$ cat final-v5.pdb   # PDB, C-alpha atoms
ATOM      1  CA  MET A   9      69.784 123.647  95.714
ATOM      2  CA  LYS A  10      70.442 120.444  93.759
ATOM      3  CA  SER A  11      72.918 118.027  95.246
ATOM      4  CA  THR A  12      75.913 117.333  93.008
ATOM      5  CA  ASP A  13      79.297 115.648  92.985
ATOM      6  CA  LEU A  14      81.572 118.245  94.519
ATOM      7  CA  CYS A  15      84.819 116.396  93.815
ATOM      8  CA  LEU A  16      84.754 116.764  90.043
ATOM      9  CA  SER A  17      87.755 118.567  88.617
ATOM     10  CA  SER A  18      85.368 120.112  86.078
ATOM     11  CA  ARG A  19      83.798 121.923  89.065
ATOM     12  CA  GLY A  20      87.146 123.285  90.188
ATOM     13  CA  SER A  21      88.253 120.616  92.664
ATOM     14  CA  GLU A  22      91.839 119.441  92.631
ATOM     15  CA  VAL A  23      94.077 116.716  94.083
ATOM     16  CA  VAL A  24      96.671 118.817  95.903
ATOM     17  CA  LEU A  25      98.768 116.063  97.461
ATOM     18  CA  VAL A  26      99.534 112.474  96.663
ATOM     19  CA  THR A  27     102.184 110.229  98.227
ATOM     20  CA  SER A  28     103.004 108.236  95.096
ATOM     21  CA  SER A  29     102.250 108.398  91.432
ATOM     22  CA  ASP A  30     102.825 106.856  88.036
ATOM     23  CA  GLU A  31     102.556 109.470  85.296
ATOM     24  CA  LYS A  32     100.411 107.045  83.307
ATOM     25  CA  TYR A  33      97.884 106.810  86.145
ATOM     26  CA  PRO A  34      97.877 110.271  87.740
ATOM     27  CA  PRO A  35      95.739 111.302  90.731
ATOM     28  CA  GLU A  36      93.608 113.563  88.510
ATOM     29  CA  ASN A  37      91.961 110.321  87.359
ATOM     30  CA  ILE A  38      90.244 110.078  90.745
ATOM     31  CA  ILE A  39      88.141 113.199  90.155
ATOM     32  CA  ASP A  40      87.550 113.146  86.403
ATOM     33  CA  GLY A  41      84.084 111.625  86.799
ATOM     34  CA  SER A  42      85.031 108.318  85.160
ATOM     35  CA  SER A  43      85.521 105.018  86.918
ATOM     36  CA  GLU A  44      87.466 103.696  83.938
ATOM     37  CA  THR A  45      90.479 105.857  84.719
ATOM     38  CA  PHE A  46      92.356 105.373  87.982
ATOM     39  CA  TRP A  47      95.287 106.378  90.157
ATOM     40  CA  THR A  48      97.740 103.683  91.285
ATOM     41  CA  THR A  49      99.901 103.564  94.364
ATOM     42  CA  THR A  50     103.464 102.550  93.560
ATOM     43  CA  GLY A  51     104.531 100.628  96.640
ATOM     44  CA  MET A  52     104.520 100.618 100.450
ATOM     45  CA  PHE A  53     101.765 101.799 102.763
ATOM     46  CA  PRO A  54     100.336 104.045 104.111
ATOM     47  CA  GLN A  55      99.494 106.108 101.011
ATOM     48  CA  GLU A  56      97.313 109.181 100.889
ATOM     49  CA  PHE A  57      95.806 111.889  98.733
ATOM     50  CA  ILE A  58      94.137 115.194  99.528
ATOM     51  CA  ILE A  59      91.302 116.725  97.503
ATOM     52  CA  SER A  60      90.814 120.485  97.676
ATOM     53  CA  PHE A  61      87.400 122.001  96.901
ATOM     54  CA  HIS A  62      88.930 125.507  96.898
ATOM     55  CA  LYS A  63      85.856 126.608  98.851
ATOM     56  CA  CYS A  64      83.708 125.523 101.742
ATOM     57  CA  VAL A  65      81.279 122.745 100.864
ATOM     58  CA  LYS A  66      78.591 120.859 102.778
ATOM     59  CA  ILE A  67      78.837 117.085 102.296
ATOM     60  CA  SER A  68      76.228 114.462 103.142
ATOM     61  CA  LYS A  69      77.565 111.371 101.409
ATOM     62  CA  LEU A  70      80.956 110.104 100.257
ATOM     63  CA  THR A  71      81.551 107.296  97.770
ATOM     64  CA  ILE A  72      84.876 105.753  96.817
ATOM     65  CA  GLN A  73      85.519 103.204  94.076
ATOM     66  CA  CYS A  74      88.813 101.408  94.469
ATOM     67  CA  TYR A  75      90.470  97.986  94.352
ATOM     68  CA  LEU A  76      92.469  96.004  96.920
ATOM     69  CA  VAL A  77      92.154  98.628  99.677
ATOM     70  CA  ARG A  78      92.037  97.009 103.100
ATOM     71  CA  SER A  79      91.977  99.788 105.669
ATOM     72  CA  LEU A  80      90.878 103.331 104.842
ATOM     73  CA  ARG A  81      90.635 106.507 106.897
ATOM     74  CA  ILE A  82      88.932 109.680 105.674
ATOM     75  CA  GLU A  83      89.656 113.046 107.249
ATOM     76  CA  LYS A  84      88.278 116.555 106.690
ATOM     77  CA  SER A  85      89.611 120.038 107.145
ATOM     78  CA  LEU A  86      87.812 123.350 107.187
ATOM     79  CA  SER A  87      90.979 125.422 107.095
ATOM     80  CA  LYS A  88      92.134 127.622 104.276
ATOM     81  CA  ASN A  89      95.250 125.449 104.000
ATOM     82  CA  PRO A  90      95.418 121.643 104.160
ATOM     83  CA  VAL A  91      96.102 121.458 107.905
ATOM     84  CA  ASP A  92      94.169 120.592 111.076
ATOM     85  CA  PHE A  93      92.514 117.476 109.730
ATOM     86  CA  GLU A  94      89.918 115.656 111.818
ATOM     87  CA  VAL A  95      88.843 112.054 111.354
ATOM     88  CA  CYS A  96      85.528 111.640 109.488
ATOM     89  CA  THR A  97      85.396 107.896 109.324
ATOM     90  CA  GLU A  98      87.569 104.821 109.298
ATOM     91  CA  LYS A  99      86.737 101.459 107.801
ATOM     92  CA  ASP A 100      88.116  98.031 106.910
ATOM     93  CA  LEU A 101      86.938  97.155 103.423
ATOM     94  CA  GLN A 102      85.993  93.738 102.088
ATOM     95  CA  TYR A 103      88.130  91.966  99.524
ATOM     96  CA  THR A 104      86.232  91.817  96.219
ATOM     97  CA  GLU A 105      87.977  89.442  93.849
ATOM     98  CA  GLY A 106      87.942  90.800  90.300
ATOM     99  CA  ALA A 107      85.463  93.612  90.989
ATOM    100  CA  LEU A 108      85.755  97.213  92.127
ATOM    101  CA  GLN A 109      85.146  97.986  95.773
ATOM    102  CA  THR A 110      82.337 100.531  95.962
ATOM    103  CA  GLU A 111      82.100 101.968  99.436
ATOM    104  CA  GLU A 112      79.446 104.484 100.449
ATOM    105  CA  PHE A 113      79.744 106.548 103.582
ATOM    106  CA  SER A 114      76.512 108.183 104.682
ATOM    107  CA  LEU A 115      77.631 110.697 107.252
ATOM    108  CA  PRO A 116      75.927 113.407 109.223
ATOM    109  CA  GLU A 117      76.195 116.491 106.997
ATOM    110  CA  PHE A 118      79.541 118.208 107.499
ATOM    111  CA  GLN A 119      81.493 121.135 106.108
ATOM    112  CA  ALA A 120      84.922 120.865 104.526
ATOM    113  CA  THR A 121      87.403 122.622 102.298
ATOM    114  CA  TYR A 122      89.688 119.575 102.046
ATOM    115  CA  LEU A 123      89.263 115.811 102.235
ATOM    116  CA  ARG A 124      92.148 113.526 103.008
ATOM    117  CA  PHE A 125      92.089 109.792 102.188
ATOM    118  CA  ILE A 126      94.621 107.589 103.935
ATOM    119  CA  ILE A 127      95.039 104.014 102.695
ATOM    120  CA  LYS A 128      96.611 102.375 105.724
ATOM    121  CA  SER A 129      96.912  98.853 104.378
ATOM    122  CA  ALA A 130      95.963  96.773 101.369
ATOM    123  CA  PHE A 131      95.228  93.255 100.154
ATOM    124  CA  ASP A 132      98.159  93.445  97.742
ATOM    125  CA  HIS A 133     101.330  95.453  97.084
ATOM    126  CA  PHE A 134      99.435  98.056  95.049
ATOM    127  CA  VAL A 135      95.933  99.516  94.955
ATOM    128  CA  SER A 136      93.933 101.580  92.485
ATOM    129  CA  VAL A 137      91.497 104.387  93.232
ATOM    130  CA  HIS A 138      89.002 104.997  90.431
ATOM    131  CA  THR A 139      86.625 107.661  91.722
ATOM    132  CA  VAL A 140      85.781 109.656  94.786
ATOM    133  CA  MET A 141      82.397 111.362  94.895
ATOM    134  CA  ALA A 142      81.170 113.799  97.508
ATOM    135  CA  GLU A 143      77.468 114.592  97.363
ATOM    136  CA  GLY A 144      76.364 117.859  98.803
ATOM    137  CA  VAL A 145      76.151 121.561  98.110
ATOM    138  CA  ALA A 146      78.656 124.339  97.734
ATOM    139  CA  GLU A 147      78.187 126.980 100.397
ATOM    140  CA  ASN A 148      77.328 130.467  99.265
ATOM    141  CA  LEU A 149      80.262 132.614 100.138
TER     142      LEU A 149
ATOM    143  CA  MET B  29     108.212 106.415  83.813
ATOM    144  CA  VAL B  30     107.428 105.307  87.329
ATOM    145  CA  LYS B  31     109.469 104.979  90.493
ATOM    146  CA  LEU B  32     108.188 102.139  92.626
ATOM    147  CA  ALA B  33     108.991 101.765  96.330
ATOM    148  CA  ALA B  34     109.591  98.362  97.898
ATOM    149  CA  LYS B  35     110.106  97.402 101.503
ATOM    150  CA  CYS B  36     112.788  94.706 101.283
ATOM    151  CA  ILE B  37     113.334  92.537 104.335
ATOM    152  CA  LEU B  38     116.905  91.273 104.577
ATOM    153  CA  THR B  39     117.032  88.349 106.958
ATOM    154  CA  GLY B  40     118.907  85.182 107.903
ATOM    155  CA  ASP B  41     121.042  83.940 110.792
ATOM    156  CA  SER B  42     123.472  86.275 112.500
ATOM    157  CA  ALA B  43     126.994  86.601 111.071
ATOM    158  CA  VAL B  44     126.125  85.300 107.588
ATOM    159  CA  GLY B  45     126.927  88.701 106.082
ATOM    160  CA  LYS B  46     123.601  90.500 105.741
ATOM    161  CA  SER B  47     124.876  93.887 106.841
ATOM    162  CA  ALA B  48     128.044  93.535 104.795
ATOM    163  CA  LEU B  49     125.959  92.691 101.724
ATOM    164  CA  ALA B  50     123.544  95.585 102.259
ATOM    165  CA  GLN B  51     126.292  98.088 102.923
ATOM    166  CA  MET B  52     128.518  97.001 100.047
ATOM    167  CA  PHE B  53     125.540  97.149  97.718
ATOM    168  CA  CYS B  54     124.424 100.567  98.891
ATOM    169  CA  ASN B  55     127.855 102.185  98.834
ATOM    170  CA  ASP B  56     128.851 100.472  95.568
ATOM    171  CA  GLY B  57     131.613  98.424  97.163
ATOM    172  CA  ALA B  58     133.420 101.425  98.559
ATOM    173  CA  HIS B  59     133.928  99.876 101.964
ATOM    174  CA  PHE B  60     133.989  96.280 103.229
ATOM    175  CA  GLN B  61     133.611  96.176 106.974
ATOM    176  CA  LYS B  62     136.194  93.705 108.285
ATOM    177  CA  ASN B  63     135.055  93.801 111.883
ATOM    178  CA  TYR B  64     131.769  92.203 112.831
ATOM    179  CA  THR B  65     129.129  94.376 114.452
ATOM    180  CA  LEU B  66     125.925  92.841 115.707
ATOM    181  CA  THR B  67     122.817  94.421 114.216
ATOM    182  CA  THR B  68     120.188  95.166 116.863
ATOM    183  CA  GLY B  69     116.701  95.751 115.545
ATOM    184  CA  VAL B  70     116.815  97.057 111.998
ATOM    185  CA  GLU B  71     119.100  99.252 109.976
ATOM    186  CA  LEU B  72     117.482 100.984 107.058
ATOM    187  CA  LEU B  73     119.370 101.548 103.815
ATOM    188  CA  VAL B  74     117.856 102.963 100.640
ATOM    189  CA  LYS B  75     118.962 102.522  97.056
ATOM    190  CA  THR B  76     117.298 103.075  93.703
ATOM    191  CA  ILE B  77     117.690 100.457  90.968
ATOM    192  CA  SER B  78     116.813 100.938  87.289
ATOM    193  CA  VAL B  79     114.653  98.301  85.669
ATOM    194  CA  PRO B  80     116.294  97.108  82.424
ATOM    195  CA  GLU B  81     114.616  97.960  79.112
ATOM    196  CA  THR B  82     112.269 100.465  80.757
ATOM    197  CA  SER B  83     112.597 104.004  82.042
ATOM    198  CA  ASP B  84     111.223 102.783  85.377
ATOM    199  CA  SER B  85     113.050 102.296  88.654
ATOM    200  CA  VAL B  86     112.529 100.703  92.049
ATOM    201  CA  GLU B  87     113.562 102.407  95.257
ATOM    202  CA  LEU B  88     114.522  99.588  97.616
ATOM    203  CA  PHE B  89     114.096 100.263 101.319
ATOM    204  CA  LEU B  90     116.413  97.620 102.756
ATOM    205  CA  PHE B  91     115.445  96.561 106.264
ATOM    206  CA  ASP B  92     118.708  94.965 107.345
ATOM    207  CA  SER B  93     117.385  92.926 110.268
ATOM    208  CA  ALA B  94     118.967  91.454 113.353
ATOM    209  CA  GLY B  95     119.662  87.726 112.991
ATOM    210  CA  LYS B  96     119.731  87.036 116.708
ATOM    211  CA  GLU B  97     116.565  85.422 118.042
ATOM    212  CA  LEU B  98     116.686  87.838 120.961
ATOM    213  CA  PHE B  99     115.179  90.594 118.808
ATOM    214  CA  SER B 100     112.457  88.538 117.135
ATOM    215  CA  GLU B 101     109.478  90.152 118.878
ATOM    216  CA  MET B 102     110.521  93.641 117.833
ATOM    217  CA  MET B 103     111.084  92.332 114.304
ATOM    218  CA  GLU B 104     107.489  91.322 113.823
ATOM    219  CA  LYS B 105     106.421  94.945 114.199
ATOM    220  CA  LEU B 106     109.188  96.269 111.968
ATOM    221  CA  TRP B 107     108.444  93.701 109.269
ATOM    222  CA  GLU B 108     104.791  94.657 108.766
ATOM    223  CA  GLN B 109     103.615  94.949 105.150
ATOM    224  CA  PRO B 110     106.780  93.706 103.414
ATOM    225  CA  ASN B 111     107.080  93.794  99.600
ATOM    226  CA  VAL B 112     110.112  91.639  98.827
ATOM    227  CA  LEU B 113     112.358  89.295 100.756
ATOM    228  CA  CYS B 114     116.065  88.452 100.758
ATOM    229  CA  ILE B 115     117.204  85.520 102.933
ATOM    230  CA  VAL B 116     120.958  85.145 103.350
ATOM    231  CA  TYR B 117     122.877  82.091 104.589
ATOM    232  CA  ASP B 118     126.562  81.247 104.847
ATOM    233  CA  VAL B 119     127.688  78.436 102.473
ATOM    234  CA  THR B 120     130.229  77.308 105.127
ATOM    235  CA  ASN B 121     127.578  77.005 107.866
ATOM    236  CA  GLU B 122     124.958  74.300 107.413
ATOM    237  CA  GLN B 123     122.868  75.494 110.350
ATOM    238  CA  SER B 124     122.447  78.909 108.734
ATOM    239  CA  PHE B 125     121.081  77.163 105.633
ATOM    240  CA  ASN B 126     118.733  74.914 107.644
ATOM    241  CA  ASN B 127     117.340  77.959 109.431
ATOM    242  CA  CYS B 128     116.243  79.582 106.166
ATOM    243  CA  ALA B 129     112.948  77.662 106.413
ATOM    244  CA  LYS B 130     112.259  79.317 109.746
ATOM    245  CA  TRP B 131     113.026  82.809 108.395
ATOM    246  CA  LEU B 132     110.856  82.216 105.356
ATOM    247  CA  GLU B 133     107.955  81.047 107.477
ATOM    248  CA  LYS B 134     108.186  84.098 109.752
ATOM    249  CA  LEU B 135     108.130  86.446 106.775
ATOM    250  CA  ARG B 136     105.340  84.687 104.907
ATOM    251  CA  ALA B 137     103.232  84.948 108.069
ATOM    252  CA  GLN B 138     103.409  88.737 107.645
ATOM    253  CA  THR B 139     101.958  88.808 104.150
ATOM    254  CA  LEU B 140      98.427  87.514 104.825
ATOM    255  CA  GLY B 141      98.433  85.367 101.732
ATOM    256  CA  MET B 142      99.733  87.845  99.170
ATOM    257  CA  HIS B 143     102.607  86.852  96.915
ATOM    258  CA  LEU B 144     106.012  87.905  98.279
ATOM    259  CA  PRO B 145     108.852  87.800  95.718
ATOM    260  CA  GLY B 146     112.006  86.504  97.344
ATOM    261  CA  VAL B 147     115.592  85.506  96.753
ATOM    262  CA  LEU B 148     117.822  83.090  98.650
ATOM    263  CA  VAL B 149     121.462  84.180  98.805
ATOM    264  CA  GLY B 150     124.393  81.877  99.603
ATOM    265  CA  ASN B 151     127.220  84.123 100.822
ATOM    266  CA  LYS B 152     130.953  83.601 101.526
ATOM    267  CA  THR B 153     131.677  81.625  98.330
ATOM    268  CA  ASP B 154     135.296  82.860  98.622
ATOM    269  CA  LEU B 155     135.855  80.303 101.429
ATOM    270  CA  ILE B 156     136.154  77.488  98.889
ATOM    271  CA  GLY B 157     137.701  74.804 101.088
ATOM    272  CA  ARG B 158     135.199  75.329 103.879
ATOM    273  CA  ARG B 159     132.035  75.090 101.828
ATOM    274  CA  VAL B 160     129.479  72.614 103.246
ATOM    275  CA  VAL B 161     126.221  73.604 101.503
ATOM    276  CA  GLU B 162     126.224  72.519  97.855
ATOM    277  CA  GLN B 163     124.835  74.957  95.345
ATOM    278  CA  LYS B 164     122.616  72.221  93.905
ATOM    279  CA  TRP B 165     120.801  71.541  97.217
ATOM    280  CA  ALA B 166     120.326  75.191  97.953
ATOM    281  CA  LYS B 167     118.967  75.911  94.508
ATOM    282  CA  GLU B 168     116.557  72.988  94.761
ATOM    283  CA  TRP B 169     115.337  74.176  98.143
ATOM    284  CA  ALA B 170     114.839  77.689  96.773
ATOM    285  CA  ASP B 171     112.868  76.348  93.782
ATOM    286  CA  ILE B 172     110.576  74.302  96.001
ATOM    287  CA  HIS B 173     109.836  77.351  98.132
ATOM    288  CA  GLY B 174     109.238  79.739  95.241
ATOM    289  CA  LEU B 175     112.435  81.713  95.773
ATOM    290  CA  GLN B 176     115.038  82.699  93.235
ATOM    291  CA  TYR B 177     118.642  81.788  94.023
ATOM    292  CA  CYS B 178     122.052  83.376  93.765
ATOM    293  CA  GLU B 179     125.469  83.152  95.393
ATOM    294  CA  THR B 180     127.726  85.976  96.436
ATOM    295  CA  SER B 181     131.054  86.721  97.944
ATOM    296  CA  VAL B 182     130.609  90.070  99.581
ATOM    297  CA  LYS B 183     134.277  90.058 100.555
ATOM    298  CA  GLU B 184     135.396  89.627  96.931
ATOM    299  CA  MET B 185     132.546  91.884  95.719
ATOM    300  CA  GLU B 186     131.209  89.065  93.577
ATOM    301  CA  ASN B 187     127.619  89.191  92.407
ATOM    302  CA  ILE B 188     126.532  91.526  95.215
ATOM    303  CA  GLU B 189     124.096  93.446  93.031
ATOM    304  CA  ALA B 190     122.375  90.337  91.655
ATOM    305  CA  PRO B 191     119.920  89.626  94.489
ATOM    306  CA  PHE B 192     118.654  93.197  94.538
ATOM    307  CA  HIS B 193     118.262  93.391  90.771
ATOM    308  CA  ILE B 194     116.297  90.137  90.851
ATOM    309  CA  LEU B 195     113.986  91.572  93.508
ATOM    310  CA  ALA B 196     113.543  94.930  91.776
ATOM    311  CA  ASN B 197     112.651  93.205  88.514
ATOM    312  CA  SER B 198     110.185  90.856  90.211
ATOM    313  CA  PHE B 199     108.508  93.729  92.017
ATOM    314  CA  HIS B 200     108.273  95.740  88.801
ATOM    315  CA  ARG B 201     106.683  92.741  87.058
ATOM    316  CA  LEU B 202     104.122  92.484  89.865
ATOM    317  CA  TYR B 203     103.243  96.153  89.402
ATOM    318  CA  ARG B 204     102.749  95.731  85.648
ATOM    319  CA  GLU B 205     100.517  92.690  86.230
ATOM    320  CA  LYS B 206      98.503  94.539  88.846
ATOM    321  CA  VAL B 207      97.955  97.529  86.548
ATOM    322  CA  GLU B 208      96.635  95.101  83.897
ATOM    323  CA  THR B 209      94.202  93.787  86.493
ATOM    324  CA  PHE B 210      93.074  97.336  87.352
ATOM    325  CA  HIS B 211      92.367  97.952  83.655
ATOM    326  CA  SER B 212      90.379  94.733  83.379
ATOM    327  CA  LEU B 213      88.000  95.768  86.185
ATOM    328  CA  VAL B 214      86.211  98.459  84.194
TER     329      VAL B 214
END

$ encode --input "final-v5.pdb" --output "structure tokens"
Amino acid sequence: MKSTDLCLSSRGSEVVLVTSSDEKYPPENIIDGSSETFWTTTGMFPQEFIISFHKCVKISKLTIQCYLVRSLRIEKSLSKNPVDFEVCTEKDLQYTEGALQTEEFSLPEFQATYLRFIIKSAFDHFVSVHTVMAEGVAENL
Amino acid sequence: MVKLAAKCILTGDSAVGKSALAQMFCNDGAHFQKNYTLTTGVELLVKTISVPETSDSVELFLFDSAGKELFSEMMEKLWEQPNVLCIVYDVTNEQSFNNCAKWLEKLRAQTLGMHLPGVLVGNKTDLIGRRVVEQKWAKEWADIHGLQYCETSVKEMENIEAPFHILANSFHRLYREKVETFHSLV
């Protein structure tokens, strides 16, 4: 089976929780397949969002494009509801003046129904998240 | 329409009127506490302020902080990741004005180089005969240190909203600038 971006809203994925939002820069922008559109946080940290695949998927690589994020934690859940999250990875990102941060996480293949991204701290008062991509395959149910 | 959230650190020497200012602002002047109570640690008060000429607002999380040195170690933890700063001194107490430099330095150390909008507030302007810190000096000092300046009499309910409106507007401006930057990246 061909590996694809499982996060795309056009494939049925959805952002089901977000801790802050500006209606001009909604969280849907994270999974619309474009790095030109983005979601902004609107003050204070930590901030988080949860992506639901609405099914079980097998993920081998995660990529996030964002700006001014300092400390990021990614968690996964295999539950039917967004509970019982386990830590996937945690990383301090580099400051990239005037350019998007593109961070790839090559992880041992894992299953998930939800992914949770927690921005614990930042290089400024606000951050933007432009895309999240999860490469892998949808499980046959 | 967006509602921003800002962690506002309210600091300055003890007994300059920080808690009175925060409480009068948050309860719209309904109650001026005549008796002094020492703040230990931090008291959190929350109030939403509209940003003029927009449909946006800023929810200020006021961290009314203890002024006594005794609590300073605990403060450092509670002050992590601040967004805006309000330093209060008493216009009848020169020492409280001189100590503003120390408070500013402590707060700036928390920000790891990012810009922290701030306002310096001279309180107790109702005590006219006892004033020792001239408005001119204080304003100059604020300018040099990149702070805005205003004076209040919490007791007479004069100008008590001004510092918080200044901070909300500054924070909103920062957000707008940052969003422009995000657009320019792609």

$ residues_near_point --input "final-v5.pdb" --point "(90.3, 100.4, 110.4)" --cutoff "8 Å" --atoms "only C-alpha atoms" --output "PyMOL selection string"
chain A and resi 79-81+98-100

$ interface_residues --input "final-v5.pdb" --of "chain B" --to "chain A" --cutoff "9 Å" --atoms "all atoms listed in the file" --output "PyMOL selection string"
chain B and resi 29-35+109-111+139-144+199+202-203+206-207+209-214

$ residues_around --input "final-v5.pdb" --residues "Ser18 of chain A" --least-positions-apart "6" --cutoff "10 Å" --atoms "all atoms listed in the file" --output "PyMOL selection string"
chain A and resi 39-41

$ resolve_selection --input "final-v5.pdb" --expression "the PyMOL selection byres ((chain B and resi 77-83) around 12)" --output "ChimeraX atom specification"
/A:30-31 /B:29-34,53-54,74-76,84-89,189-201,204

$ residues_around --input "final-v5.pdb" --residues "Val44 of chain B" --least-positions-apart "2" --cutoff "12 Å" --atoms "all atoms listed in the file" --output "ChimeraX atom specification"
/B:38-42,46-50,64-67,93-96,115-125,127-128,149-153,180-183

$ atom_distance --input "final-v5.pdb" --atom1 "atom CA of Glu108 of chain B" --atom2 "atom CA of Val77 of chain A"
16.1 Å

$ atom_distance --input "final-v5.pdb" --atom1 "atom CA of Ile38 of chain A" --atom2 "atom CA of Met141 of chain A"
9.0 Å

$ resolve_selection --input "final-v5.pdb" --expression "the PyMOL selection byres ((chain A and resi 20) around 10)" --output "VMD selection string"
chain A and resid 14 to 19 21 to 22 60 to 63

$ closest_residue --input "final-v5.pdb" --among "A:Thr12, A:Ser85, A:Gln102, A:Gln109" --to "Ile59 of chain A" --atoms "only C-alpha atoms"
A:Ser85

$ closest_residue --input "final-v5.pdb" --among "A:Glu112, A:Glu143, A:Asp92, A:Glu56" --to "Arg124 of chain A" --atoms "all atoms listed in the file"
A:Glu56

$ residues_near_point --input "final-v5.pdb" --point "(122.8, 72.1, 97.2)" --cutoff "12 Å" --atoms "only C-alpha atoms" --output "ChimeraX atom specification"
/B:119,122,125-126,150,159-171,177-179

$ axis_aligned_box --input "final-v5.pdb" --around "segment 125-134 of chain A" --padding-each-side "6 Å" --output "lines of an AutoDock Vina configuration file"
center_x = 96.7
center_y = 101.5
center_z = 100.4
size_x = 21.2
size_y = 28.5
size_z = 22.7

$ closest_residue --input "final-v5.pdb" --among "A:Asn89, A:Asn37, A:Ser68, A:Thr27" --to "Pro116 of chain A" --atoms "all atoms listed in the file"
A:Ser68

$ resolve_selection --input "final-v5.pdb" --expression "the PyMOL selection byres ((chain A and resi 69) around 7)" --output "list in words"
Ile67, Ser68, Leu70, Thr71, Phe113, Ser114, Leu115, Ala142 and Glu143 of chain A

$ residues_around --input "final-v5.pdb" --residues "Val65 of chain A" --least-positions-apart "5" --cutoff "8 Å" --atoms "all atoms listed in the file" --output "list in words"
Leu14, Gln119, Ala120, Thr121, Gly144, Val145, Ala146 and Glu147 of chain A

$ atom_distance --input "final-v5.pdb" --atom1 "atom CA of Glu208 of chain B" --atom2 "atom CA of Leu113 of chain B"
23.8 Å
